[in-house]
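Q: My file is entry-v1.pdb. It has PDB, C-alpha atoms:
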```
ATOM      1  CA  MET T  84      -4.063 -32.913 -47.679
ATOM      2  CA  LYS T  85      -1.265 -30.763 -49.118
ATOM      3  CA  ARG T  86      -3.778 -28.822 -51.217
ATOM      4  CA  SER T  87      -5.947 -28.032 -48.180
ATOM      5  CA  LEU T  88      -2.910 -26.842 -46.185
ATOM      6  CA  PHE T  89      -1.873 -24.643 -49.116
ATOM      7  CA  ILE T  90      -5.339 -23.067 -49.293
ATOM      8  CA  ALA T  91      -5.355 -22.455 -45.527
ATOM      9  CA  ALA T  92      -1.962 -20.783 -45.718
ATOM     10  CA  LEU T  93      -3.161 -18.518 -48.507
ATOM     11  CA  ALA T  94      -6.225 -17.555 -46.465
ATOM     12  CA  ALA T  95      -4.045 -16.712 -43.458
ATOM     13  CA  LEU T  96      -1.769 -14.567 -45.589
ATOM     14  CA  ALA T  97      -4.765 -12.750 -47.059
ATOM     15  CA  ALA T  98      -6.045 -11.949 -43.566
ATOM     16  CA  LEU T  99      -2.790 -10.325 -42.434
ATOM     17  CA  PRO T 100      -3.358  -6.959 -44.132
ATOM     18  CA  LEU T 101      -6.889  -6.827 -42.705
ATOM     19  CA  ALA T 102      -5.622  -7.462 -39.167
ATOM     20  CA  ALA T 103      -2.905  -4.855 -39.586
ATOM     21  CA  GLN T 104      -5.424  -2.349 -40.889
ATOM     22  CA  ALA T 105      -7.794  -3.049 -37.976
ATOM     23  CA  GLN T 106      -4.955  -2.447 -35.535
ATOM     24  CA  ALA T 107      -4.035   0.765 -37.301
ATOM     25  CA  ASP T 108      -7.647   1.953 -37.205
ATOM     26  CA  ALA T 109      -7.997   1.259 -33.430
ATOM     27  CA  PRO T 110      -7.861   4.506 -31.423
ATOM     28  CA  ALA T 111      -4.644   5.007 -29.479
ATOM     29  CA  TRP T 112      -5.019   4.498 -25.739
ATOM     30  CA  PRO T 113      -6.189   6.513 -23.881
ATOM     31  CA  ALA T 114      -8.836   7.776 -26.281
ATOM     32  CA  LYS T 115     -11.345   8.631 -23.536
ATOM     33  CA  PRO T 116     -11.333   9.377 -19.772
ATOM     34  CA  VAL T 117      -9.798   6.710 -17.532
ATOM     35  CA  LYS T 118     -11.191   5.723 -14.127
ATOM     36  CA  ILE T 119      -8.984   5.018 -11.099
ATOM     37  CA  ILE T 120     -10.802   3.012  -8.434
ATOM     38  CA  VAL T 121      -9.674   4.019  -4.941
ATOM     39  CA  PRO T 122     -11.010   1.293  -2.624
ATOM     40  CA  PHE T 123     -11.408   3.644   0.337
ATOM     41  CA  PRO T 124     -13.622   6.657   1.108
ATOM     42  CA  ALA T 125     -12.783  10.192   0.022
ATOM     43  CA  GLY T 126     -10.671  12.353   2.312
ATOM     44  CA  GLY T 127      -8.051   9.887   3.526
ATOM     45  CA  THR T 128      -4.468   9.135   2.545
ATOM     46  CA  SER T 129      -5.478   6.627  -0.140
ATOM     47  CA  ASP T 130      -7.795   9.183  -1.703
ATOM     48  CA  MET T 131      -4.975  11.728  -1.751
ATOM     49  CA  MET T 132      -2.698   9.190  -3.435
ATOM     50  CA  GLY T 133      -5.310   8.356  -6.052
ATOM     51  CA  ARG T 134      -5.884  11.998  -6.920
ATOM     52  CA  LEU T 135      -2.177  12.669  -7.172
ATOM     53  CA  ILE T 136      -1.769   9.724  -9.558
ATOM     54  CA  ALA T 137      -4.731  10.999 -11.584
ATOM     55  CA  ASP T 138      -3.140  14.442 -11.921
ATOM     56  CA  VAL T 139       0.259  13.047 -12.890
ATOM     57  CA  LEU T 140      -1.113  10.585 -15.446
ATOM     58  CA  ALA T 141      -3.344  13.273 -16.945
ATOM     59  CA  ALA T 142      -0.303  15.482 -17.467
ATOM     60  CA  GLN T 143       1.788  12.659 -18.890
ATOM     61  CA  LEU T 144      -0.828  11.043 -21.145
ATOM     62  CA  LYS T 145      -2.916  14.102 -22.114
ATOM     63  CA  GLN T 146      -6.217  12.571 -21.050
ATOM     64  CA  THR T 147      -8.652  12.915 -18.137
ATOM     65  CA  PHE T 148      -8.185  10.507 -15.200
ATOM     66  CA  ILE T 149     -11.098  10.322 -12.738
ATOM     67  CA  VAL T 150     -10.955   9.018  -9.148
ATOM     68  CA  ASP T 151     -13.845   6.740  -8.184
ATOM     69  CA  ASN T 152     -13.996   6.032  -4.428
ATOM     70  CA  LYS T 153     -15.412   2.582  -3.654
ATOM     71  CA  GLY T 154     -14.854   2.002   0.060
ATOM     72  CA  GLY T 155     -15.869  -0.912   2.253
ATOM     73  CA  ALA T 156     -14.604  -4.226   3.667
ATOM     74  CA  GLY T 157     -11.059  -2.974   4.125
ATOM     75  CA  GLY T 158     -10.755  -2.146   0.455
ATOM     76  CA  ALA T 159     -12.010  -5.515  -0.814
ATOM     77  CA  ILE T 160     -15.179  -4.081  -2.384
ATOM     78  CA  GLY T 161     -13.291  -1.644  -4.585
ATOM     79  CA  VAL T 162     -10.654  -4.193  -5.588
ATOM     80  CA  ALA T 163     -13.363  -6.696  -6.561
ATOM     81  CA  GLU T 164     -15.081  -4.054  -8.689
ATOM     82  CA  ALA T 165     -11.837  -3.294 -10.484
ATOM     83  CA  LEU T 166     -11.441  -6.998 -11.231
ATOM     84  CA  ARG T 167     -14.937  -7.164 -12.748
ATOM     85  CA  SER T 168     -14.144  -4.268 -15.076
ATOM     86  CA  PRO T 169     -12.992  -4.828 -18.681
ATOM     87  CA  ALA T 170      -9.234  -5.275 -18.983
ATOM     88  CA  ASP T 171      -8.999  -2.502 -21.556
ATOM     89  CA  GLY T 172      -6.944   0.107 -19.700
ATOM     90  CA  TYR T 173      -9.923   2.306 -18.837
ATOM     91  CA  THR T 174     -10.282   1.065 -15.248
ATOM     92  CA  LEU T 175      -7.220   1.232 -12.998
ATOM     93  CA  LEU T 176      -6.834   0.322  -9.318
ATOM     94  CA  LEU T 177      -5.069   2.061  -6.471
ATOM     95  CA  SER T 178      -3.553  -1.014  -4.831
ATOM     96  CA  GLY T 179      -2.143  -1.047  -1.318
ATOM     97  CA  ILE T 180      -0.897  -2.986   1.672
ATOM     98  CA  GLY T 181      -4.266  -3.680   3.295
ATOM     99  CA  SER T 182      -6.408  -4.617   0.311
ATOM    100  CA  ASN T 183      -3.710  -6.410  -1.683
ATOM    101  CA  ALA T 184      -1.398  -8.026   0.882
ATOM    102  CA  ILE T 185      -2.653  -8.133   4.474
ATOM    103  CA  ILE T 186      -6.107  -9.331   3.436
ATOM    104  CA  HIS T 187      -4.662 -12.559   2.025
ATOM    105  CA  GLY T 188      -3.252 -13.588   5.399
ATOM    106  CA  PHE T 189      -6.645 -14.073   7.034
ATOM    107  CA  ASN T 190      -8.454 -17.386   6.719
ATOM    108  CA  SER T 191     -11.871 -15.758   6.934
ATOM    109  CA  PRO T 192     -13.422 -14.026   5.203
ATOM    110  CA  LYS T 193     -11.470 -14.826   2.059
ATOM    111  CA  PRO T 194     -11.474 -12.070  -0.572
ATOM    112  CA  SER T 195     -13.094 -12.781  -3.934
ATOM    113  CA  TYR T 196      -9.799 -12.079  -5.703
ATOM    114  CA  ASP T 197      -6.168 -13.121  -5.697
ATOM    115  CA  SER T 198      -3.913 -10.093  -5.880
ATOM    116  CA  GLU T 199      -1.137 -11.966  -7.659
ATOM    117  CA  ARG T 200      -3.249 -14.035 -10.042
ATOM    118  CA  ASP T 201      -5.899 -11.487 -10.980
ATOM    119  CA  PHE T 202      -3.924  -8.257 -11.445
ATOM    120  CA  ILE T 203      -0.923  -6.807 -13.217
ATOM    121  CA  HIS T 204       0.943  -4.493 -10.860
ATOM    122  CA  VAL T 205       2.127  -1.496 -12.843
ATOM    123  CA  SER T 206       4.175   0.592 -10.412
ATOM    124  CA  GLN T 207       4.590   1.028  -6.672
ATOM    125  CA  LEU T 208       4.097   4.723  -6.044
ATOM    126  CA  ALA T 209       5.303   5.272  -2.501
ATOM    127  CA  ALA T 210       6.025   3.787   0.903
ATOM    128  CA  GLY T 211       5.856   5.370   4.321
ATOM    129  CA  PRO T 212       6.853   4.114   7.741
ATOM    130  CA  ASN T 213       4.541   3.501  10.589
ATOM    131  CA  VAL T 214       5.678   5.355  13.692
ATOM    132  CA  LEU T 215       5.546   4.182  17.293
ATOM    133  CA  VAL T 216       4.289   7.160  19.271
ATOM    134  CA  VAL T 217       3.561   7.575  22.957
ATOM    135  CA  HIS T 218       1.952  10.267  25.063
ATOM    136  CA  PRO T 219       4.644  12.605  26.472
ATOM    137  CA  SER T 220       3.874  11.399  29.996
ATOM    138  CA  PHE T 221       4.866   7.797  29.154
ATOM    139  CA  PRO T 222       7.887   6.771  31.259
ATOM    140  CA  ALA T 223      10.046   5.550  28.355
ATOM    141  CA  LYS T 224      12.044   8.284  26.596
ATOM    142  CA  ASP T 225      13.390   6.146  23.739
ATOM    143  CA  PHE T 226      12.682   2.837  22.012
ATOM    144  CA  LYS T 227      15.046   0.709  24.100
ATOM    145  CA  GLU T 228      13.516   2.084  27.286
ATOM    146  CA  PHE T 229      10.072   1.342  25.807
ATOM    147  CA  VAL T 230      10.917  -2.320  25.224
ATOM    148  CA  ALA T 231      12.402  -2.627  28.706
ATOM    149  CA  TYR T 232       9.357  -0.977  30.301
ATOM    150  CA  VAL T 233       6.853  -3.223  28.489
ATOM    151  CA  LYS T 234       8.827  -6.335  29.429
ATOM    152  CA  ALA T 235       8.867  -5.197  33.049
ATOM    153  CA  HIS T 236       5.078  -4.706  32.963
ATOM    154  CA  PRO T 237       3.706  -7.653  30.930
ATOM    155  CA  GLY T 238       0.044  -7.326  29.988
ATOM    156  CA  LYS T 239      -0.167  -3.811  31.445
ATOM    157  CA  VAL T 240       0.581  -1.513  28.495
ATOM    158  CA  SER T 241      -2.325  -0.948  26.120
ATOM    159  CA  TYR T 242      -2.277   0.353  22.566
ATOM    160  CA  GLY T 243      -4.821   1.493  19.988
ATOM    161  CA  GLN T 244      -5.433  -0.766  17.036
ATOM    162  CA  VAL T 245      -7.569  -0.516  13.914
ATOM    163  CA  ASN T 246      -8.177  -4.132  13.000
ATOM    164  CA  ALA T 247      -6.164  -5.402  10.000
ATOM    165  CA  SER T 248      -4.599  -1.980   9.361
ATOM    166  CA  SER T 249      -0.897  -1.572   8.612
ATOM    167  CA  GLY T 250      -0.397  -0.077  12.086
ATOM    168  CA  HIS T 251      -2.137  -3.028  13.741
ATOM    169  CA  LEU T 252       0.002  -5.530  11.831
ATOM    170  CA  ALA T 253       3.174  -3.541  12.522
ATOM    171  CA  THR T 254       2.374  -3.667  16.254
ATOM    172  CA  GLU T 255       1.745  -7.404  16.123
ATOM    173  CA  TYR T 256       4.988  -7.883  14.206
ATOM    174  CA  LEU T 257       6.874  -5.887  16.859
ATOM    175  CA  LYS T 258       5.282  -7.905  19.660
ATOM    176  CA  GLN T 259       6.435 -11.120  17.995
ATOM    177  CA  ALA T 260       9.935  -9.831  17.164
ATOM    178  CA  ALA T 261      10.631  -8.351  20.611
ATOM    179  CA  GLY T 262       8.601 -10.758  22.733
ATOM    180  CA  LEU T 263       6.272  -8.067  24.077
ATOM    181  CA  ASP T 264       3.025  -8.703  25.948
ATOM    182  CA  MET T 265       0.692  -5.742  25.333
ATOM    183  CA  ILE T 266      -3.077  -5.290  25.202
ATOM    184  CA  GLY T 267      -4.734  -4.074  21.990
ATOM    185  CA  ILE T 268      -7.730  -1.753  22.334
ATOM    186  CA  PRO T 269      -9.828  -1.953  19.146
ATOM    187  CA  TYR T 270     -11.002   1.192  17.350
ATOM    188  CA  LYS T 271     -13.089   1.636  14.218
ATOM    189  CA  GLY T 272     -10.655   4.156  12.760
ATOM    190  CA  GLY T 273      -7.221   5.652  13.199
ATOM    191  CA  ALA T 274      -8.499   9.127  14.076
ATOM    192  CA  PRO T 275     -10.344   8.165  17.291
ATOM    193  CA  ALA T 276      -7.458   5.933  18.375
ATOM    194  CA  LEU T 277      -4.950   8.724  17.846
ATOM    195  CA  SER T 278      -7.241  11.136  19.654
ATOM    196  CA  ASP T 279      -7.173   8.875  22.704
ATOM    197  CA  VAL T 280      -3.371   8.734  22.656
ATOM    198  CA  LEU T 281      -3.273  12.534  22.474
ATOM    199  CA  GLY T 282      -5.688  12.641  25.410
ATOM    200  CA  ASN T 283      -3.683  10.012  27.340
ATOM    201  CA  GLN T 284      -6.622   7.588  27.499
ATOM    202  CA  ILE T 285      -4.245   5.017  26.008
ATOM    203  CA  PRO T 286      -0.458   5.411  26.160
ATOM    204  CA  MET T 287       0.692   4.451  22.654
ATOM    205  CA  MET T 288       0.017   3.175  19.154
ATOM    206  CA  ILE T 289       1.783   2.539  15.870
ATOM    207  CA  VAL T 290       0.302   4.524  13.014
ATOM    208  CA  ASN T 291       1.106   6.023   9.603
ATOM    209  CA  GLN T 292       3.705   8.784   9.624
ATOM    210  CA  ASP T 293       1.534  11.415   7.921
ATOM    211  CA  ALA T 294      -1.079  11.146  10.678
ATOM    212  CA  VAL T 295       1.341  11.802  13.545
ATOM    213  CA  LEU T 296       3.867  14.185  11.983
ATOM    214  CA  PRO T 297       2.131  17.439  13.054
ATOM    215  CA  HIS T 298       1.561  16.147  16.597
ATOM    216  CA  VAL T 299       5.194  15.072  16.964
ATOM    217  CA  LYS T 300       6.368  18.455  15.688
ATOM    218  CA  ALA T 301       4.070  20.192  18.194
ATOM    219  CA  GLY T 302       5.388  18.106  21.087
ATOM    220  CA  LYS T 303       1.989  16.511  21.720
ATOM    221  CA  LEU T 304       3.372  13.032  20.976
ATOM    222  CA  ARG T 305       6.814  11.462  21.343
ATOM    223  CA  ALA T 306       8.054   9.326  18.431
ATOM    224  CA  LEU T 307      10.171   6.403  19.640
ATOM    225  CA  ALA T 308      10.787   4.392  16.464
ATOM    226  CA  VAL T 309       9.959   4.186  12.778
ATOM    227  CA  THR T 310       9.234   0.832  11.159
ATOM    228  CA  SER T 311      10.840   1.408   7.762
ATOM    229  CA  PRO T 312      14.211  -0.214   6.944
ATOM    230  CA  GLN T 313      15.865   3.236   6.837
ATOM    231  CA  ARG T 314      15.285   6.378   8.875
ATOM    232  CA  ASN T 315      12.720   8.775   7.483
ATOM    233  CA  PRO T 316      13.860  12.271   6.451
ATOM    234  CA  LEU T 317      11.010  13.928   8.370
ATOM    235  CA  PHE T 318      11.871  11.971  11.536
ATOM    236  CA  PRO T 319      15.689  12.148  11.262
ATOM    237  CA  ASP T 320      16.368  11.676  14.971
ATOM    238  CA  VAL T 321      13.984   8.737  15.389
ATOM    239  CA  PRO T 322      15.715   5.342  15.057
ATOM    240  CA  THR T 323      14.340   2.435  13.084
ATOM    241  CA  VAL T 324      13.214  -0.733  14.834
ATOM    242  CA  ALA T 325      15.749  -2.591  12.672
ATOM    243  CA  GLU T 326      18.728  -0.565  13.919
ATOM    244  CA  SER T 327      17.507  -0.867  17.509
ATOM    245  CA  GLY T 328      18.225  -4.563  17.807
ATOM    246  CA  TYR T 329      15.778  -6.198  15.378
ATOM    247  CA  PRO T 330      17.561  -6.466  12.003
ATOM    248  CA  GLY T 331      15.326  -7.011   8.981
ATOM    249  CA  PHE T 332      12.284  -5.486  10.650
ATOM    250  CA  SER T 333      10.199  -3.646   8.057
ATOM    251  CA  ALA T 334       6.567  -2.588   8.227
ATOM    252  CA  VAL T 335       5.744   0.147   5.730
ATOM    253  CA  SER T 336       2.442   1.406   4.433
ATOM    254  CA  TRP T 337       2.502   1.451   0.626
ATOM    255  CA  THR T 338       0.370   2.139  -2.424
ATOM    256  CA  GLY T 339       0.701   1.666  -6.146
ATOM    257  CA  LEU T 340      -1.121   1.330  -9.433
ATOM    258  CA  SER T 341      -2.511  -1.967 -10.755
ATOM    259  CA  VAL T 342      -4.773  -3.137 -13.588
ATOM    260  CA  PRO T 343      -6.895  -6.255 -14.183
ATOM    261  CA  LYS T 344      -5.001  -9.230 -15.631
ATOM    262  CA  GLY T 345      -5.415  -9.288 -19.391
ATOM    263  CA  THR T 346      -4.831  -5.577 -19.893
ATOM    264  CA  PRO T 347      -2.788  -5.275 -23.135
ATOM    265  CA  LYS T 348       0.948  -5.036 -22.571
ATOM    266  CA  PRO T 349       1.355  -1.808 -24.603
ATOM    267  CA  ILE T 350      -1.079  -0.112 -22.208
ATOM    268  CA  VAL T 351       0.714  -1.488 -19.150
ATOM    269  CA  ASP T 352       4.045  -0.313 -20.558
ATOM    270  CA  LYS T 353       2.624   3.133 -21.265
ATOM    271  CA  LEU T 354       1.247   3.441 -17.723
ATOM    272  CA  GLU T 355       4.504   2.238 -16.200
ATOM    273  CA  ALA T 356       6.535   4.762 -18.193
ATOM    274  CA  ALA T 357       4.135   7.575 -17.242
ATOM    275  CA  MET T 358       4.356   6.703 -13.530
ATOM    276  CA  VAL T 359       8.153   6.483 -13.536
ATOM    277  CA  LYS T 360       8.599   9.681 -15.510
ATOM    278  CA  GLY T 361       5.848  11.634 -13.760
ATOM    279  CA  PHE T 362       7.072  10.877 -10.260
ATOM    280  CA  SER T 363      10.679  11.599 -11.131
ATOM    281  CA  GLU T 364       9.682  15.257 -11.451
ATOM    282  CA  PRO T 365      10.695  17.222  -8.316
ATOM    283  CA  ALA T 366       7.325  18.950  -7.823
ATOM    284  CA  ASN T 367       5.420  15.652  -7.791
ATOM    285  CA  ARG T 368       7.948  13.982  -5.490
ATOM    286  CA  ALA T 369       7.788  16.920  -3.093
ATOM    287  CA  LYS T 370       4.030  16.511  -2.597
ATOM    288  CA  LEU T 371       4.564  13.045  -1.146
ATOM    289  CA  GLU T 372       7.856  13.672   0.602
ATOM    290  CA  SER T 373       6.365  16.602   2.511
ATOM    291  CA  THR T 374       4.271  14.147   4.537
ATOM    292  CA  GLY T 375       7.026  11.592   5.079
ATOM    293  CA  PHE T 376       6.377   9.242   2.180
ATOM    294  CA  VAL T 377       9.311   7.886   0.210
ATOM    295  CA  VAL T 378       8.662   7.967  -3.540
ATOM    296  CA  VAL T 379       9.361   4.587  -5.154
ATOM    297  CA  ALA T 380       7.870   4.827  -8.680
ATOM    298  CA  SER T 381       9.059   1.302  -9.460
ATOM    299  CA  ARG T 382       8.895  -0.800 -12.593
ATOM    300  CA  SER T 383       6.145  -3.389 -12.955
ATOM    301  CA  ALA T 384       8.395  -6.400 -12.316
ATOM    302  CA  ASP T 385       9.761  -4.836  -9.127
ATOM    303  CA  TYR T 386       6.293  -3.978  -7.815
ATOM    304  CA  SER T 387       5.061  -7.515  -8.493
ATOM    305  CA  LYS T 388       7.946  -9.034  -6.529
ATOM    306  CA  PHE T 389       7.526  -6.544  -3.690
ATOM    307  CA  LEU T 390       3.802  -7.341  -3.421
ATOM    308  CA  HIS T 391       4.537 -11.077  -3.333
ATOM    309  CA  ASP T 392       7.059 -10.610  -0.530
ATOM    310  CA  GLU T 393       4.569  -8.487   1.434
ATOM    311  CA  ILE T 394       1.888 -11.174   1.183
ATOM    312  CA  VAL T 395       4.370 -13.733   2.527
ATOM    313  CA  ARG T 396       5.493 -11.394   5.344
ATOM    314  CA  TRP T 397       2.043 -10.494   6.623
ATOM    315  CA  THR T 398       0.563 -13.961   6.230
ATOM    316  CA  LYS T 399       3.301 -15.250   8.535
ATOM    317  CA  VAL T 400       2.650 -12.499  11.092
ATOM    318  CA  ILE T 401      -1.112 -13.109  11.025
ATOM    319  CA  GLN T 402      -0.791 -16.886  11.352
ATOM    320  CA  THR T 403       1.840 -16.684  14.086
ATOM    321  CA  GLY T 404      -0.338 -14.292  16.079
ATOM    322  CA  GLY T 405      -3.573 -16.188  15.376
ATOM    323  CA  LEU T 406      -5.153 -12.906  14.256
ATOM    324  CA  LYS T 407      -8.741 -12.762  13.053
ATOM    325  CA  VAL T 408     -10.844 -10.132  11.341
ATOM    326  CA  GLU T 409     -13.321  -8.818  13.925
TER     327      GLU T 409
END
```
Output the structure of this file as structure tokens.
A:
Amino acid sequence: MKRSLFIAALAALAALPLAAQAQADAPAWPAKPVKIIVPFPAGGTSDMMGRLIADVLAAQLKQTFIVDNKGGAGGAIGVAEALRSPADGYTLLLSGIGSNAIIHGFNSPKPSYDSERDFIHVSQLAAGPNVLVVHPSFPAKDFKEFVAYVKAHPGKVSYGQVNASSGHLATEYLKQAAGLDMIGIPYKGGAPALSDVLGNQIPMMIVNQDAVLPHVKAGKLRALAVTSPQRNPLFPDVPTVAESGYPGFSAVSWTGLSVPKGTPKPIVDKLEAAMVKGFSEPANRAKLESTGFVVVASRSADYSKFLHDEIVRWTKVIQTGGLKVE
């Protein structure tokens, strides 16, 4: 028995130089172009985020990063494809609030992935508030007047909603927090809903800050509240919901970078460092901040905890409101 253990130990020792040599011979990552799956169509905010990440990582890691748009099913199709890809660092995922947090709150249909179990979350890139906007003709001039008006007219005020979007969930969260009775008008996309607010077909909606910023600046919409924990620099005079009587209220739209579980830790560490360093540069930060996003560029552990907390938050909102995917 002792002799066999001795022989096995010798064999293991003999294999060590071979393993070390194999590791030394392996090409350093990234040795070829890297794909970033953006689980939404080209042309939108998520696409812009993905292309900005690609540019920053290319500059930091001296390799080509290619955006691959895979839209459909609220982002679930692209996320599922990323999960099926080899965990070798050559397929990355643009993760976000809808496809990696909100989706887990609905009982049906269930996604084919678990955002916490199946992915390593490298870095949260940015967060932006949703903004409650109304047509200028709406009677309420500020957020407190808005709440008072809706409570005085239960079931009479309508709003545009894109099912399961961050704006939809933010509105539902506000209804629950403030005890508001409003009527949601479903739309297939944010653009037609916003167009109807601009045209006064519907009086209000809650939507991403980058979509409404030019209209607010032009006086075509009135911003009554932002849903982030702090005021946004591009809406400095617009109060937060939290400071207006609902402490703890937070409903931000966010994106980040994730990889399939099993991706080697040295690659994850390299990506994390590149994201943190790249988005600490003023020029890169300015590209996001110019549209109202707050640059986060977090560490992997922080992004993982944030994502967990978001899943808990939105699952509670969805279950309390009895929301369903239509």
Q: To one decimal place, how far is CA of Pro192 in chain T from CA of Gly243 in chain T in Å?
A: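 Computed distance, CA of Pro192 in chain T to CA of Gly243 in chain T, equals 23.1 Å.
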Q: Evaluating the PyMOL selection byres ((chain T and resi 392) around 12) on the displayed file yields which residues, as a PyMOL selection string?
A: chain T and resi 180+183-185+199+333-334+385-391+393-399
Q: Give me a file of those residues, with C-alpha atoms, as an mmCIF file, in the coordinates of the input.
A:
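The result, written out as out29.cif:
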```cif
data_model
loop_
_atom_site.group_PDB
_atom_site.id
_atom_site.type_symbol
_atom_site.label_atom_id
_atom_site.label_comp_id
_atom_site.auth_asym_id
_atom_site.auth_seq_id
_atom_site.Cartn_x
_atom_site.Cartn_y
_atom_site.Cartn_z
ATOM 1 C CA ILE T 180 -0.897 -2.986 1.672
ATOM 2 C CA ASN T 183 -3.710 -6.410 -1.683
ATOM 3 C CA ALA T 184 -1.398 -8.026 0.882
ATOM 4 C CA ILE T 185 -2.653 -8.133 4.474
ATOM 5 C CA GLU T 199 -1.137 -11.966 -7.659
ATOM 6 C CA SER T 333 10.199 -3.646 8.057
ATOM 7 C CA ALA T 334 6.567 -2.588 8.227
ATOM 8 C CA ASP T 385 9.761 -4.836 -9.127
ATOM 9 C CA TYR T 386 6.293 -3.978 -7.815
ATOM 10 C CA SER T 387 5.061 -7.515 -8.493
ATOM 11 C CA LYS T 388 7.946 -9.034 -6.529
ATOM 12 C CA PHE T 389 7.526 -6.544 -3.690
ATOM 13 C CA LEU T 390 3.802 -7.341 -3.421
ATOM 14 C CA HIS T 391 4.537 -11.077 -3.333
ATOM 15 C CA GLU T 393 4.569 -8.487 1.434
ATOM 16 C CA ILE T 394 1.888 -11.174 1.183
ATOM 17 C CA VAL T 395 4.370 -13.733 2.527
ATOM 18 C CA ARG T 396 5.493 -11.394 5.344
ATOM 19 C CA TRP T 397 2.043 -10.494 6.623
ATOM 20 C CA THR T 398 0.563 -13.961 6.230
ATOM 21 C CA LYS T 399 3.301 -15.250 8.535
#
```
Q: From the options T:Ala141, T:Glu228, T:Val280, T:Asp201, which residue's atoms come nearest to Ser241 in chain T, counting only C-alpha atoms?
A: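 Smallest distance to Ser241 in chain T is found for T:Val280.
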Q: Using all atoms listed in the file for the distances, tell me which of T:Val230, T:Ala156, T:Val240, T:Ala274 is nearest to Gly262 in chain T.
A: T:Val230
Q: Please expand the PyMOL selection byres ((chain T and resi 248-257) around 8) into the concrete residues it hits in this file, giving the result as a PyMOL selection string.
A: chain T and resi 180-181+185+213+244-247+258-263+288-291+310+334-336+397+400-401+404
Q: Take the residues that were just selected and, keeping C-alpha atoms, output them as a CSV table (one decimal), keeping the file's coordinate frame.
A:
```csv
chain,number,residue,atom,x,y,z
T,180,ILE,CA,-0.9,-3.0,1.7
T,181,GLY,CA,-4.3,-3.7,3.3
T,185,ILE,CA,-2.7,-8.1,4.5
T,213,ASN,CA,4.5,3.5,10.6
T,244,GLN,CA,-5.4,-0.8,17.0
T,245,VAL,CA,-7.6,-0.5,13.9
T,246,ASN,CA,-8.2,-4.1,13.0
T,247,ALA,CA,-6.2,-5.4,10.0
T,258,LYS,CA,5.3,-7.9,19.7
T,259,GLN,CA,6.4,-11.1,18.0
T,260,ALA,CA,9.9,-9.8,17.2
T,261,ALA,CA,10.6,-8.4,20.6
T,262,GLY,CA,8.6,-10.8,22.7
T,263,LEU,CA,6.3,-8.1,24.1
T,288,MET,CA,0.0,3.2,19.2
T,289,ILE,CA,1.8,2.5,15.9
T,290,VAL,CA,0.3,4.5,13.0
T,291,ASN,CA,1.1,6.0,9.6
T,310,THR,CA,9.2,0.8,11.2
T,334,ALA,CA,6.6,-2.6,8.2
T,335,VAL,CA,5.7,0.1,5.7
T,336,SER,CA,2.4,1.4,4.4
T,397,TRP,CA,2.0,-10.5,6.6
T,400,VAL,CA,2.6,-12.5,11.1
T,401,ILE,CA,-1.1,-13.1,11.0
T,404,GLY,CA,-0.3,-14.3,16.1
```
Q: Using only C-alpha atoms for the distances, tell me which of T:Val216, T:Val408, T:Met265, T:Val150 is nearest to Thr174 in chain T.
A: T:Val150
Q: Produce a table with one row for each residue of range 243-353 of chain T that has an atom at most 10 Å from any atom of range 116-124 of chain T, each row naming the nearest atom pair and its distance in Å at one decimal; use only C-alpha atoms; arrange rows by chain and rising residue number; format as a tab-separated table.
A:
```
residue	atom	partner	partner_atom	distance
T:Leu340	CA	T:Ile119	CA	8.8
T:Ser341	CA	T:Ile119	CA	9.5
T:Val342	CA	T:Ile119	CA	9.5
```
Q: Between T:Lys344, T:Lys370, T:Arg314, T:His298, which residue has the minimum interatomic distance to Ala165 in chain T, considering all atoms listed in the file?
A: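 Checking each candidate against Ala165 in chain T, we get T:Lys344 as the closest.
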Q: Report the distance between CA of Ser168 in chain T and CA of Gly345 in chain T in Å, rounded to one decimal place.
A: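 Atom-to-atom, CA of Ser168 in chain T to CA of Gly345 in chain T, that is 11.0 Å.
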Q: For the file shown, what are the residues hit by the PyMOL selection byres ((chain T and resi 112) around 10), laid out as a list of chain:residue names?
A: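 Evaluating the PyMOL selection byres ((chain T and resi 112) around 10) on these coordinates yields T:Ala109, T:Pro110, T:Ala111, T:Pro113, T:Ala114, T:Lys115, T:Pro116, T:Val117, T:Leu144, T:Gln146, T:Asp171, T:Gly172, T:Tyr173, T:Pro349, T:Ile350, T:Lys353.
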Q: Between CA of Gln143 in chain T and CA of Pro343 in chain T, what is the spacing in Å?
A: 21.3 Å
Q: Show which residues sit within 7 Å of range 321-332 of chain T, as a VMD selection string. Count all atoms listed in the file, and ignore same-chain residues fewer than 3 positions away.
A: chain T and resid 306 to 314 318
Q: Could you write out that same residue set with C-alpha atoms as a PDB file, in the coordinates of the input?
A:
```pdb
ATOM      1  CA  ALA T 306       8.054   9.326  18.431  1.00  0.00           C
ATOM      2  CA  LEU T 307      10.171   6.403  19.640  1.00  0.00           C
ATOM      3  CA  ALA T 308      10.787   4.392  16.464  1.00  0.00           C
ATOM      4  CA  VAL T 309       9.959   4.186  12.778  1.00  0.00           C
ATOM      5  CA  THR T 310       9.234   0.832  11.159  1.00  0.00           C
ATOM      6  CA  SER T 311      10.840   1.408   7.762  1.00  0.00           C
ATOM      7  CA  PRO T 312      14.211  -0.214   6.944  1.00  0.00           C
ATOM      8  CA  GLN T 313      15.865   3.236   6.837  1.00  0.00           C
ATOM      9  CA  ARG T 314      15.285   6.378   8.875  1.00  0.00           C
ATOM     10  CA  PHE T 318      11.871  11.971  11.536  1.00  0.00           C
TER      11      PHE T 318
END
```
Q: Tyr196 in chain T: which residues within 9 Å, counting all atoms listed in the file, same-chain residues fewer than 2 positions away excluded, as a list in words?
A: Ala159, Val162, Ala163, Leu166, Lys193, Pro194, Ser198, Glu199, Arg200 and Asp201 of chain T
